[in-house]
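Novice: Structure file query-v1.cif (mmCIF, C-alpha atoms) is given on the next line.
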```
data_upload
#
loop_
_atom_site.label_atom_id
_atom_site.label_comp_id
_atom_site.auth_asym_id
_atom_site.auth_seq_id
_atom_site.Cartn_x
_atom_site.Cartn_y
_atom_site.Cartn_z
CA LEU A 1 -67.13 18.64 -41.33
CA LYS A 2 -70.65 19.88 -42.11
CA MET A 3 -73.85 17.92 -42.60
CA SER A 4 -75.38 18.87 -45.95
CA PHE A 5 -78.88 17.60 -45.23
CA ALA A 6 -80.76 14.85 -43.41
CA MET A 7 -84.24 13.43 -43.98
CA GLY A 8 -86.28 10.78 -42.23
CA VAL A 9 -87.91 8.92 -45.10
CA HIS A 10 -88.19 5.22 -44.25
CA GLU A 11 -90.45 3.56 -41.71
CA GLY A 12 -87.87 1.36 -40.06
CA SER A 13 -84.31 0.48 -41.02
CA VAL A 14 -82.55 1.48 -44.21
CA ARG A 15 -81.41 -1.67 -46.00
CA CYS A 16 -79.26 -0.38 -48.85
CA LEU A 17 -77.65 2.84 -50.12
CA SER A 18 -76.04 3.73 -53.44
CA ILE A 19 -74.57 6.96 -54.83
CA SER A 20 -74.29 7.79 -58.52
CA SER A 21 -71.98 10.17 -60.31
CA ALA A 22 -73.33 13.11 -62.27
CA PRO A 23 -72.23 14.75 -65.52
CA ALA A 24 -69.50 17.35 -64.98
CA SER A 25 -71.87 19.97 -66.41
CA SER A 26 -74.14 19.43 -63.38
CA ALA A 27 -71.56 20.84 -60.97
CA PRO A 28 -72.35 24.25 -59.50
CA GLN A 29 -70.45 26.83 -61.54
CA PRO A 30 -68.72 29.70 -59.72
CA SER A 31 -70.24 32.99 -60.73
CA GLY A 32 -67.91 35.80 -61.71
CA THR A 33 -67.59 38.72 -59.32
CA ALA A 34 -67.63 42.29 -60.48
CA GLY A 35 -65.26 44.83 -59.00
CA GLY A 36 -67.67 47.07 -57.15
CA LYS A 37 -71.41 47.66 -57.16
CA SER A 38 -73.57 47.61 -60.27
CA LYS A 39 -73.98 50.97 -61.94
CA SER A 40 -77.62 50.65 -62.94
CA SER A 41 -80.69 48.48 -62.66
CA SER A 42 -80.32 47.60 -66.35
CA GLU A 43 -76.98 45.98 -65.59
CA ASP A 44 -78.62 43.98 -62.81
CA ASN A 45 -81.32 42.86 -65.22
CA ASN A 46 -78.70 41.89 -67.78
CA LYS A 47 -76.82 39.90 -65.16
CA GLY A 48 -80.03 38.19 -64.08
CA ALA A 49 -80.88 37.27 -67.66
CA ALA A 50 -77.37 35.98 -68.28
CA LYS A 51 -77.56 33.91 -65.09
CA LYS A 52 -80.86 32.38 -66.18
CA LYS A 53 -79.41 31.67 -69.61
CA ARG A 54 -76.38 29.92 -68.08
CA LYS A 55 -78.65 27.92 -65.79
CA LYS A 56 -80.82 26.87 -68.72
CA LYS A 57 -77.73 25.93 -70.73
CA ARG A 58 -76.35 23.81 -67.86
CA LYS A 59 -79.68 22.01 -67.55
CA GLN A 60 -79.70 21.32 -71.29
CA GLN A 61 -76.13 20.01 -71.10
CA HIS A 62 -77.16 17.76 -68.21
CA ASP A 63 -80.09 16.35 -70.22
CA ASP A 64 -77.93 15.92 -73.32
CA ALA A 65 -75.30 14.10 -71.30
CA GLU A 66 -77.89 11.64 -70.01
CA ASP A 67 -79.22 11.12 -73.53
CA ASP A 68 -75.74 10.59 -74.96
CA SER A 69 -74.78 8.14 -72.23
CA ASP A 70 -77.38 5.69 -73.56
CA SER A 71 -75.44 5.34 -76.81
CA ASP A 72 -72.53 3.01 -77.56
CA ASP A 73 -70.03 5.84 -77.96
CA GLY A 74 -66.77 5.84 -76.01
CA PRO A 75 -66.59 6.94 -72.35
CA ALA A 76 -67.06 10.58 -71.53
CA ALA A 77 -64.73 12.70 -69.45
CA PRO A 78 -64.24 11.50 -65.87
CA SER A 79 -67.20 12.33 -63.63
CA GLN A 80 -66.63 12.21 -59.88
CA ILE A 81 -69.47 14.52 -58.85
CA PRO A 82 -72.08 12.91 -56.57
CA GLY A 83 -75.37 13.12 -58.44
CA ALA A 84 -78.07 10.99 -56.80
CA LEU A 85 -78.53 8.94 -53.67
CA LEU A 86 -80.80 5.89 -53.68
CA SER A 87 -81.99 4.29 -50.44
CA GLY A 88 -84.07 1.16 -49.96
CA GLY A 89 -85.83 0.23 -46.74
CA TYR A 90 -87.67 -2.58 -45.02
CA ASP A 91 -90.87 -0.61 -45.69
CA GLU A 92 -90.61 -1.75 -49.35
CA SER A 93 -89.96 1.79 -50.55
CA ILE A 94 -87.10 3.28 -52.58
CA HIS A 95 -86.23 6.95 -52.21
CA ILE A 96 -84.11 9.10 -54.50
CA PHE A 97 -82.29 12.27 -53.46
CA ASN A 98 -80.65 14.89 -55.64
CA LEU A 99 -77.25 15.49 -54.06
CA ILE A 100 -76.60 18.60 -56.15
CA ARG A 101 -79.76 20.45 -55.10
CA HIS A 102 -80.07 18.68 -51.71
CA VAL A 103 -83.71 17.79 -52.23
CA GLN A 104 -85.75 14.61 -52.39
CA ALA A 105 -86.23 13.71 -56.05
CA GLY A 106 -88.75 10.89 -55.90
CA GLU A 107 -90.16 7.80 -54.24
CA LEU A 108 -90.77 4.35 -55.70
CA ARG A 109 -92.89 1.54 -54.33
CA SER A 110 -91.97 -2.01 -55.26
CA ALA A 111 -94.71 -4.34 -56.40
CA ALA A 112 -96.08 -6.69 -53.75
CA ASP A 113 -94.61 -9.77 -55.40
CA LEU A 114 -91.07 -8.30 -55.49
CA GLY A 115 -90.58 -8.04 -51.74
CA THR A 116 -88.23 -5.56 -50.06
CA PRO A 117 -85.05 -3.98 -51.49
CA THR A 118 -81.94 -5.81 -50.27
CA CYS A 119 -79.08 -4.25 -52.28
CA SER A 120 -78.56 -1.65 -54.99
CA SER A 121 -76.05 -0.20 -57.42
CA PHE A 122 -75.91 2.39 -60.19
CA ALA A 123 -74.79 1.62 -63.74
CA PRO A 124 -72.22 2.69 -64.68
CA PRO A 125 -70.81 2.76 -61.12
CA PRO A 126 -69.35 5.94 -59.58
CA THR A 127 -65.83 4.77 -60.46
CA SER A 128 -66.66 4.90 -64.18
CA PRO A 129 -65.78 7.98 -66.29
CA SER A 130 -69.39 8.04 -67.55
CA PRO A 131 -72.36 9.28 -65.49
CA ALA A 132 -74.95 6.78 -64.29
CA THR A 133 -77.90 6.08 -66.58
CA HIS A 134 -79.55 3.17 -64.74
CA ALA A 135 -80.04 1.77 -61.25
CA LEU A 136 -80.27 -1.86 -60.19
CA VAL A 137 -82.15 -2.91 -57.06
CA GLY A 138 -81.97 -6.47 -55.77
CA MET A 139 -85.12 -7.73 -54.04
CA SER A 140 -85.92 -10.32 -51.38
CA SER A 141 -88.02 -12.16 -53.98
CA GLY A 142 -84.85 -13.05 -55.90
CA LYS A 143 -85.55 -10.57 -58.70
CA ILE A 144 -83.51 -7.55 -59.79
CA VAL A 145 -85.29 -4.42 -61.03
CA LEU A 146 -83.45 -2.32 -63.60
CA TYR A 147 -84.63 1.30 -63.52
CA LYS A 148 -83.92 3.95 -66.12
CA LYS A 149 -82.51 6.87 -64.14
CA ARG A 150 -83.90 9.55 -66.44
CA ASP A 151 -87.53 9.01 -65.39
CA TRP A 152 -87.21 6.04 -62.96
CA SER A 153 -89.29 3.80 -65.18
CA VAL A 154 -88.77 0.02 -64.97
CA GLN A 155 -86.75 -1.15 -67.96
CA HIS A 156 -86.33 -4.82 -67.00
CA VAL A 157 -87.19 -7.21 -64.18
CA LEU A 158 -84.46 -9.87 -64.08
CA SER A 159 -85.27 -13.30 -62.63
CA GLY A 160 -82.63 -15.84 -61.64
CA HIS A 161 -82.25 -16.15 -57.87
CA ASP A 162 -84.21 -18.18 -55.35
CA GLY A 163 -86.50 -15.88 -53.37
CA GLU A 164 -87.65 -18.39 -50.77
CA HIS A 165 -84.95 -17.59 -48.19
CA GLY A 166 -83.73 -14.07 -48.78
CA GLY A 167 -83.35 -13.42 -52.51
CA VAL A 168 -80.51 -11.26 -53.86
CA ASN A 169 -77.78 -10.51 -51.32
CA CYS A 170 -75.23 -8.44 -53.27
CA LEU A 171 -74.70 -6.65 -56.58
CA ALA A 172 -71.63 -5.44 -58.46
CA VAL A 173 -71.78 -3.49 -61.74
CA HIS A 174 -68.92 -3.76 -64.24
CA PRO A 175 -66.96 -0.48 -64.75
CA THR A 176 -68.41 -0.19 -68.27
CA GLY A 177 -71.97 -0.38 -66.93
CA LYS A 178 -72.81 -3.04 -69.53
CA MET A 179 -72.65 -6.06 -67.21
CA ALA A 180 -73.43 -6.82 -63.58
CA MET A 181 -72.98 -9.68 -61.16
CA SER A 182 -75.42 -10.71 -58.45
CA GLY A 183 -75.07 -13.12 -55.56
CA GLY A 184 -77.85 -15.07 -53.87
CA ARG A 185 -78.52 -15.27 -50.16
CA SER A 186 -79.48 -18.94 -50.15
CA ASP A 187 -79.11 -20.42 -53.65
CA GLY A 188 -75.29 -20.46 -53.98
CA LYS A 189 -75.46 -18.70 -57.35
CA ILE A 190 -73.36 -15.98 -58.95
CA ILE A 191 -75.20 -14.67 -61.99
CA LEU A 192 -73.71 -12.51 -64.73
CA TRP A 193 -76.27 -10.21 -66.36
CA ASP A 194 -76.14 -8.58 -69.78
CA LEU A 195 -77.56 -5.15 -68.97
CA MET A 196 -77.56 -4.05 -72.61
CA ARG A 197 -80.06 -6.77 -73.53
CA GLY A 198 -81.63 -7.17 -70.11
CA ARG A 199 -81.06 -10.91 -69.81
CA LEU A 200 -79.09 -13.58 -68.00
CA ALA A 201 -75.67 -14.30 -69.52
CA PHE A 202 -74.07 -16.90 -67.24
CA VAL A 203 -74.69 -18.77 -63.97
CA HIS A 204 -71.97 -20.10 -61.69
CA LYS A 205 -73.09 -22.44 -58.89
CA LEU A 206 -70.88 -22.65 -55.81
CA PRO A 207 -70.37 -25.91 -53.89
CA PRO A 208 -72.44 -26.43 -50.70
CA ALA A 209 -71.46 -24.55 -47.56
CA PRO A 210 -68.61 -26.20 -45.60
CA GLY A 211 -69.81 -28.46 -42.80
CA SER A 212 -73.38 -28.65 -44.09
CA ARG A 213 -72.95 -32.10 -45.66
CA GLY A 214 -74.39 -30.76 -48.86
CA ARG A 215 -77.68 -29.67 -47.27
CA ARG A 216 -77.07 -25.89 -47.25
CA LYS A 217 -76.05 -23.81 -50.23
CA ALA A 218 -73.44 -21.10 -49.89
CA THR A 219 -74.43 -17.49 -49.20
CA LEU A 220 -72.64 -14.79 -51.21
CA THR A 221 -71.70 -11.98 -48.84
CA ASP A 222 -70.09 -9.67 -51.40
CA LEU A 223 -68.93 -9.28 -55.01
CA ALA A 224 -66.38 -6.90 -56.53
CA TRP A 225 -64.87 -5.93 -59.89
CA SER A 226 -61.33 -4.64 -60.29
CA GLY A 227 -60.98 -1.09 -61.58
CA ASP A 228 -60.07 -2.24 -65.09
CA GLY A 229 -62.90 -4.79 -65.18
CA GLN A 230 -60.47 -7.64 -65.97
CA ARG A 231 -60.88 -9.42 -62.63
CA TYR A 232 -63.71 -10.13 -60.23
CA ALA A 233 -63.92 -11.51 -56.72
CA PHE A 234 -66.53 -12.99 -54.42
CA ALA A 235 -66.81 -13.91 -50.74
CA THR A 236 -69.06 -16.45 -49.01
CA ASP A 237 -70.40 -16.77 -45.48
CA GLY A 238 -68.06 -19.71 -44.88
CA GLY A 239 -64.99 -17.45 -45.08
CA LYS A 240 -63.97 -18.33 -48.64
CA ILE A 241 -62.64 -15.58 -50.92
CA THR A 242 -61.93 -16.16 -54.60
CA ALA A 243 -60.62 -13.83 -57.32
CA ARG A 244 -60.68 -14.79 -61.00
CA ASP A 245 -59.49 -13.58 -64.36
CA VAL A 246 -62.44 -12.55 -66.54
CA ASN A 247 -60.94 -13.70 -69.83
CA THR A 248 -59.44 -17.05 -68.82
CA GLY A 249 -61.51 -17.99 -65.77
CA GLU A 250 -58.26 -18.76 -63.91
CA ASP A 251 -58.31 -18.51 -60.12
CA LEU A 252 -55.96 -15.70 -59.10
CA LEU A 253 -56.78 -16.07 -55.41
CA ASP A 254 -58.54 -18.84 -53.54
CA VAL A 255 -58.31 -18.77 -49.74
CA MET A 256 -60.36 -19.82 -46.73
CA LEU A 257 -60.33 -17.27 -43.91
CA PRO A 258 -61.12 -18.18 -40.30
CA SER A 259 -64.01 -15.70 -40.31
CA ARG A 260 -66.67 -14.48 -42.71
CA ALA A 261 -65.76 -11.50 -44.91
CA ASN A 262 -68.68 -9.06 -44.88
CA GLN A 263 -67.29 -6.89 -47.68
CA ILE A 264 -64.31 -7.04 -50.04
CA SER A 265 -62.65 -4.46 -52.27
CA PHE A 266 -59.83 -4.37 -54.82
CA ILE A 267 -56.97 -2.00 -53.98
CA GLY A 268 -53.57 -1.28 -55.51
CA GLY A 269 -52.57 -0.56 -59.07
CA PRO A 270 -50.09 -1.47 -61.81
CA GLU A 271 -47.39 -2.41 -59.30
CA GLY A 272 -49.67 -4.99 -57.68
CA LEU A 273 -53.33 -5.84 -57.12
CA PHE A 274 -54.76 -6.82 -53.74
CA LEU A 275 -58.04 -7.65 -52.07
CA ALA A 276 -58.92 -6.14 -48.69
CA ALA A 277 -61.56 -7.92 -46.62
CA ALA A 278 -63.69 -6.62 -43.74
CA CYS A 279 -64.14 -9.64 -41.46
CA ASP A 280 -66.59 -10.58 -38.74
CA ASP A 281 -63.84 -11.38 -36.23
CA GLY A 282 -62.49 -7.81 -36.35
CA SER A 283 -59.60 -8.65 -38.67
CA LEU A 284 -58.64 -6.83 -41.86
CA PRO A 285 -56.57 -9.09 -44.13
CA VAL A 286 -54.98 -7.84 -47.36
CA LEU A 287 -54.58 -10.60 -49.95
CA ALA A 288 -52.36 -10.51 -53.03
CA VAL A 289 -54.19 -11.25 -56.29
CA GLY A 290 -51.68 -13.18 -58.38
CA SER A 291 -51.57 -16.52 -60.13
CA LEU A 292 -51.98 -19.84 -58.30
CA SER A 293 -49.51 -21.37 -60.75
CA ASP A 294 -46.64 -19.54 -59.01
CA GLU A 295 -44.07 -21.54 -57.08
CA LYS A 296 -45.42 -22.60 -53.69
CA GLU A 297 -42.69 -20.89 -51.66
CA GLU A 298 -43.11 -17.60 -53.51
CA ALA A 299 -46.90 -17.71 -53.23
CA GLU A 300 -46.81 -18.41 -49.49
CA ALA A 301 -44.34 -15.57 -48.99
CA ARG A 302 -46.52 -12.91 -50.55
CA ARG A 303 -50.13 -14.03 -50.50
CA ALA A 304 -51.48 -12.32 -47.37
CA VAL A 305 -50.83 -9.68 -44.74
CA MET A 306 -53.04 -9.22 -41.68
CA ALA A 307 -53.31 -5.42 -41.52
CA ILE A 308 -55.46 -5.68 -38.36
CA GLU A 309 -55.38 -8.80 -36.24
CA PRO A 310 -58.61 -10.54 -35.16
CA VAL A 311 -60.08 -9.83 -31.75
CA ASP A 312 -59.11 -12.28 -28.99
CA GLY A 313 -62.05 -14.22 -27.64
CA PRO A 314 -65.09 -15.98 -29.06
CA VAL A 315 -67.05 -12.84 -29.96
CA ALA A 316 -65.66 -9.74 -31.70
CA GLY A 317 -68.60 -7.58 -30.58
CA ASP A 318 -68.29 -3.93 -31.57
CA ALA A 319 -64.98 -4.59 -33.35
CA ARG A 320 -66.57 -6.55 -36.22
CA PHE A 321 -65.89 -4.91 -39.57
CA LYS A 322 -69.19 -4.55 -41.43
CA CYS A 323 -68.33 -2.24 -44.35
CA LEU A 324 -65.28 -1.59 -46.51
CA LYS A 325 -64.94 0.60 -49.62
CA SER A 326 -61.87 1.61 -51.58
CA VAL A 327 -61.25 5.33 -52.12
CA GLN A 328 -60.54 6.41 -55.69
CA GLY A 329 -57.42 8.42 -56.45
CA GLY A 330 -54.26 8.87 -54.44
CA SER A 331 -52.06 5.84 -53.89
CA GLY A 332 -54.78 3.32 -54.68
CA PHE A 333 -54.41 1.78 -51.21
CA LEU A 334 -56.94 3.93 -49.33
CA VAL A 335 -60.05 2.31 -47.85
CA VAL A 336 -62.89 3.44 -45.60
CA THR A 337 -64.14 0.96 -43.02
CA ALA A 338 -67.04 0.87 -40.56
CA ASN A 339 -67.47 -1.51 -37.63
CA SER A 340 -70.43 -2.72 -35.61
CA GLY A 341 -69.58 -0.27 -32.84
CA GLY A 342 -70.22 2.72 -35.10
CA GLY A 343 -66.59 3.55 -35.78
CA VAL A 344 -65.62 4.80 -39.25
CA SER A 345 -61.94 4.80 -40.26
CA LEU A 346 -59.87 5.89 -43.23
CA ILE A 347 -56.90 3.53 -43.66
CA ASP A 348 -53.90 3.87 -45.98
CA PHE A 349 -52.41 0.43 -46.50
CA GLU A 350 -49.41 1.86 -48.35
CA GLY A 351 -48.35 3.86 -45.30
#
```
Let me see the structure of the file written as structure tokens.

Specialist:
Amino acid sequence: LKMSFAMGVHEGSVRCLSISSAPASSAPQPSGTAGGKSKSSSEDNNKGAAKKKRKKKRKQQHDDAEDDSDSDDGPAAPSQIPGALLSGGYDESIHIFNLIRHVQAGELRSAADLGTPTCSSFAPPPTSPSPATHALVGMSSGKIVLYKKRDWSVQHVLSGHDGEHGGVNCLAVHPTGKMAMSGGRSDGKIILWDLMRGRLAFVHKLPPAPGSRGRRKATLTDLAWSGDGQRYAFATDGGKITARDVNTGEDLLDVMLPSRANQISFIGGPEGLFLAAACDDGSLPVLAVGSLSDEKEEAEARRAVMAIEPVDGPVAGDARFKCLKSVQGGSGFLVVTANSGGGVSLIDFEG
């Protein structure tokens, strides 16, 4: 395990991180090796010229790929090469890093009326076969800034969330990169955005938080799309997790957990789809995403498995799960978790 690079860029805490994929042509290409030493300086010059030509061609392919990705053509070949890292901090700055060249690629300052970055995501997401062309940054003002990744210019500023008590809390971009969902920290709203037109497409308002007698709106802790984009899920601070079918709007999962889920992620595949949840009480439940119209006995028999039991006692402390991300490839049941004690784990639910 080797650290590639590290930079201190923010004054204070980092609030959000996102990684984009890059075109396959951006990957470092292995140079051919000659059997033995070069015979003359002219050969060295020829090799140097050919190397520069290949480098120029790769750069042109990279630019062409970014240009082509703005069109409505079909998806390109799968791209799983880390391309850029975006970080947002409490200092109201956004920094971009080139993960191929290991250098800082730029810095953005949000306007005073937008507040601080709270969450971010690239579009299309890293799980998409197409490289990222845009970046979304949710702000404490309740607005979402859509940047064009080519030159980091602002393409749209999307307004829809209440910024009085925290603004945008979470973002999830559809696998196609054409839509995105956002969840509010204090307004109880899930908003679907049309990224192609840069406008609001649909608003879903959640019921008030449990036990608040209607005085406090729900907080969205996380949102997620399934890999095929046919299902989505959301979690609230009250412990409620819901998964729905995109086409019919049918609830495929609707449960109330004893603890808040900080992050959720779809796992599984054709043989079965599940939701894993990283909970504040140190538990890690795995929930089957099916149909609520199933027979009650069958549903109760298969709806949930507690992969890690909650911590005994009133406070989970360092055992609280704060982050959870699914790992692409393999069995489809791999996740990476991180807890409040600094522990990072790779878990295979299939094994």

Novice: Using all atoms listed in the file, determine which residues lie at most 12 Å from range 254-256 of chain A, disregarding the query and same-chain residues fewer than 3 positions distant; provide the list as a PDB file with C-alpha atoms, in the frame of the given file.

Specialist:
```
ATOM      1  CA  PRO A 210     -68.610 -26.200 -45.600  1.00  0.00           C
ATOM      2  CA  ALA A 233     -63.920 -11.510 -56.720  1.00  0.00           C
ATOM      3  CA  PHE A 234     -66.530 -12.990 -54.420  1.00  0.00           C
ATOM      4  CA  ALA A 235     -66.810 -13.910 -50.740  1.00  0.00           C
ATOM      5  CA  THR A 236     -69.060 -16.450 -49.010  1.00  0.00           C
ATOM      6  CA  ASP A 237     -70.400 -16.770 -45.480  1.00  0.00           C
ATOM      7  CA  GLY A 238     -68.060 -19.710 -44.880  1.00  0.00           C
ATOM      8  CA  GLY A 239     -64.990 -17.450 -45.080  1.00  0.00           C
ATOM      9  CA  LYS A 240     -63.970 -18.330 -48.640  1.00  0.00           C
ATOM     10  CA  ILE A 241     -62.640 -15.580 -50.920  1.00  0.00           C
ATOM     11  CA  THR A 242     -61.930 -16.160 -54.600  1.00  0.00           C
ATOM     12  CA  ALA A 243     -60.620 -13.830 -57.320  1.00  0.00           C
ATOM     13  CA  ARG A 244     -60.680 -14.790 -61.000  1.00  0.00           C
ATOM     14  CA  GLU A 250     -58.260 -18.760 -63.910  1.00  0.00           C
ATOM     15  CA  ASP A 251     -58.310 -18.510 -60.120  1.00  0.00           C
ATOM     16  CA  SER A 259     -64.010 -15.700 -40.310  1.00  0.00           C
ATOM     17  CA  ARG A 260     -66.670 -14.480 -42.710  1.00  0.00           C
ATOM     18  CA  ALA A 261     -65.760 -11.500 -44.910  1.00  0.00           C
ATOM     19  CA  LEU A 275     -58.040  -7.650 -52.070  1.00  0.00           C
ATOM     20  CA  ALA A 277     -61.560  -7.920 -46.620  1.00  0.00           C
ATOM     21  CA  PRO A 285     -56.570  -9.090 -44.130  1.00  0.00           C
ATOM     22  CA  VAL A 286     -54.980  -7.840 -47.360  1.00  0.00           C
ATOM     23  CA  LEU A 287     -54.580 -10.600 -49.950  1.00  0.00           C
ATOM     24  CA  ALA A 288     -52.360 -10.510 -53.030  1.00  0.00           C
ATOM     25  CA  VAL A 289     -54.190 -11.250 -56.290  1.00  0.00           C
ATOM     26  CA  GLY A 290     -51.680 -13.180 -58.380  1.00  0.00           C
ATOM     27  CA  SER A 291     -51.570 -16.520 -60.130  1.00  0.00           C
ATOM     28  CA  LEU A 292     -51.980 -19.840 -58.300  1.00  0.00           C
ATOM     29  CA  SER A 293     -49.510 -21.370 -60.750  1.00  0.00           C
ATOM     30  CA  ALA A 299     -46.900 -17.710 -53.230  1.00  0.00           C
ATOM     31  CA  GLU A 300     -46.810 -18.410 -49.490  1.00  0.00           C
ATOM     32  CA  ARG A 303     -50.130 -14.030 -50.500  1.00  0.00           C
ATOM     33  CA  ALA A 304     -51.480 -12.320 -47.370  1.00  0.00           C
TER      34      ALA A 304
END
```

Novice: Please measure the separation of CA of Asp318 in chain A and CA of Met139 in chain A, giving the value in Å to one decimal.

Specialist: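 We find that CA of Asp318 in chain A and CA of Met139 in chain A lie 28.3 Å from each other.
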
Novice: Report as a compact mmCIF listing (two decimals) with C-alpha atoms, in the frame of the given file the full result of the PyMOL selection byres ((chain A and resi 142) around 9) when it is applied to this structure.

Specialist:
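Output below, filename selection12.txt:
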```
# COMPACT_ATOMS: atom_id res chain seq x y z
CA LEU A 114 -91.07 -8.30 -55.49
CA GLY A 115 -90.58 -8.04 -51.74
CA GLY A 138 -81.97 -6.47 -55.77
CA MET A 139 -85.12 -7.73 -54.04
CA SER A 140 -85.92 -10.32 -51.38
CA SER A 141 -88.02 -12.16 -53.98
CA LYS A 143 -85.55 -10.57 -58.70
CA ILE A 144 -83.51 -7.55 -59.79
CA LEU A 158 -84.46 -9.87 -64.08
CA SER A 159 -85.27 -13.30 -62.63
CA GLY A 160 -82.63 -15.84 -61.64
CA HIS A 161 -82.25 -16.15 -57.87
CA ASP A 162 -84.21 -18.18 -55.35
CA GLY A 163 -86.50 -15.88 -53.37
CA GLU A 164 -87.65 -18.39 -50.77
CA HIS A 165 -84.95 -17.59 -48.19
CA GLY A 166 -83.73 -14.07 -48.78
CA GLY A 167 -83.35 -13.42 -52.51
CA VAL A 168 -80.51 -11.26 -53.86
CA ASN A 169 -77.78 -10.51 -51.32
CA GLY A 184 -77.85 -15.07 -53.87
CA ARG A 185 -78.52 -15.27 -50.16
```

Novice: Expand the PyMOL selection byres ((chain A and resi 154) around 12) into the explicit residue set it covers here, and present it as a PyMOL selection string.

Specialist: chain A and resi 108-111+134-137+144-153+155-158+198

Novice: Could you save the residues just selected, with C-alpha atoms, as a PDB file, keeping the file's coordinate frame?

Specialist:
```pdb
ATOM      1  CA  LEU A 108     -90.770   4.350 -55.700  1.00  0.00           C
ATOM      2  CA  ARG A 109     -92.890   1.540 -54.330  1.00  0.00           C
ATOM      3  CA  SER A 110     -91.970  -2.010 -55.260  1.00  0.00           C
ATOM      4  CA  ALA A 111     -94.710  -4.340 -56.400  1.00  0.00           C
ATOM      5  CA  HIS A 134     -79.550   3.170 -64.740  1.00  0.00           C
ATOM      6  CA  ALA A 135     -80.040   1.770 -61.250  1.00  0.00           C
ATOM      7  CA  LEU A 136     -80.270  -1.860 -60.190  1.00  0.00           C
ATOM      8  CA  VAL A 137     -82.150  -2.910 -57.060  1.00  0.00           C
ATOM      9  CA  ILE A 144     -83.510  -7.550 -59.790  1.00  0.00           C
ATOM     10  CA  VAL A 145     -85.290  -4.420 -61.030  1.00  0.00           C
ATOM     11  CA  LEU A 146     -83.450  -2.320 -63.600  1.00  0.00           C
ATOM     12  CA  TYR A 147     -84.630   1.300 -63.520  1.00  0.00           C
ATOM     13  CA  LYS A 148     -83.920   3.950 -66.120  1.00  0.00           C
ATOM     14  CA  LYS A 149     -82.510   6.870 -64.140  1.00  0.00           C
ATOM     15  CA  ARG A 150     -83.900   9.550 -66.440  1.00  0.00           C
ATOM     16  CA  ASP A 151     -87.530   9.010 -65.390  1.00  0.00           C
ATOM     17  CA  TRP A 152     -87.210   6.040 -62.960  1.00  0.00           C
ATOM     18  CA  SER A 153     -89.290   3.800 -65.180  1.00  0.00           C
ATOM     19  CA  GLN A 155     -86.750  -1.150 -67.960  1.00  0.00           C
ATOM     20  CA  HIS A 156     -86.330  -4.820 -67.000  1.00  0.00           C
ATOM     21  CA  VAL A 157     -87.190  -7.210 -64.180  1.00  0.00           C
ATOM     22  CA  LEU A 158     -84.460  -9.870 -64.080  1.00  0.00           C
ATOM     23  CA  GLY A 198     -81.630  -7.170 -70.110  1.00  0.00           C
TER      24      GLY A 198
END
```

Novice: For Asp187 in chain A, which of A:Ile94, A:Ile100, A:Ala307, A:Leu220 is the closest residue, counting only C-alpha atoms?

Specialist: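 Residue with the minimum atom-to-atom distance to Asp187 in chain A: A:Leu220.
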
Novice: Take the PyMOL selection byres ((chain A and resi 226-229) around 9), apply it to the structure above, and return the hits as a PyMOL selection string.

Specialist: chain A and resi 127-128+174-176+224-225+230-233+246+265-267+269+273

Novice: From the list A:Cys170, A:Cys279, A:Leu223, A:Val344, which residue is nearest Leu17 in chain A when using all atoms listed in the file?

Specialist: A:Cys170

Novice: Take CA of Gly83 in chain A and CA of Arg101 in chain A and report the distance between them in Å, one decimal.

Specialist: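 One can read the CA of Gly83 in chain A to CA of Arg101 in chain A distance as 9.2 Å.
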
Novice: Mind checking which residues fall within 6 Å of Ala218 in chain A, counting all atoms listed in the file, ignoring those fewer than 5 positions away in the same chain, and posting them as a list of chain:residue names?

Specialist: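 That gives A:Gly188, A:Pro208, A:Ala209.
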
Novice: Which of these residues is nearest to Pro117 in chain A, using all atoms listed in the file: A:Val14, A:Ile190, A:Leu195, A:Val203?

Specialist: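 Result for the nearest residue to Pro117 in chain A: A:Val14.
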
Novice: One decimal, in Å: what's the spacing between CA of His204 in chain A and CA of Gly272 in chain A?

Specialist: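 Answer for the CA of His204 in chain A to CA of Gly272 in chain A separation: 27.2 Å.
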
Novice: With all atoms listed in the file as the counted atoms, please give the residues lying no more than 6 Å from range 323-339 of chain A, apart from itself and same-chain residues fewer than 2 positions off, as a JSON list (two decimals) with C-alpha atoms, in the frame of the given file.

Specialist:
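Okay, result.json is ready:
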```
[["chain", "number", "residue", "atom", "x", "y", "z"],
["A", 263, "GLN", "CA", -67.29, -6.89, -47.68],
["A", 267, "ILE", "CA", -56.97, -2.00, -53.98],
["A", 268, "GLY", "CA", -53.57, -1.28, -55.51],
["A", 278, "ALA", "CA", -63.69, -6.62, -43.74],
["A", 319, "ALA", "CA", -64.98, -4.59, -33.35],
["A", 320, "ARG", "CA", -66.57, -6.55, -36.22],
["A", 321, "PHE", "CA", -65.89, -4.91, -39.57],
["A", 341, "GLY", "CA", -69.58, -0.27, -32.84],
["A", 342, "GLY", "CA", -70.22, 2.72, -35.10],
["A", 343, "GLY", "CA", -66.59, 3.55, -35.78],
["A", 344, "VAL", "CA", -65.62, 4.80, -39.25],
["A", 345, "SER", "CA", -61.94, 4.80, -40.26],
["A", 346, "LEU", "CA", -59.87, 5.89, -43.23],
["A", 347, "ILE", "CA", -56.90, 3.53, -43.66],
["A", 348, "ASP", "CA", -53.90, 3.87, -45.98],
["A", 349, "PHE", "CA", -52.41, 0.43, -46.50],
["A", 350, "GLU", "CA", -49.41, 1.86, -48.35]]
```
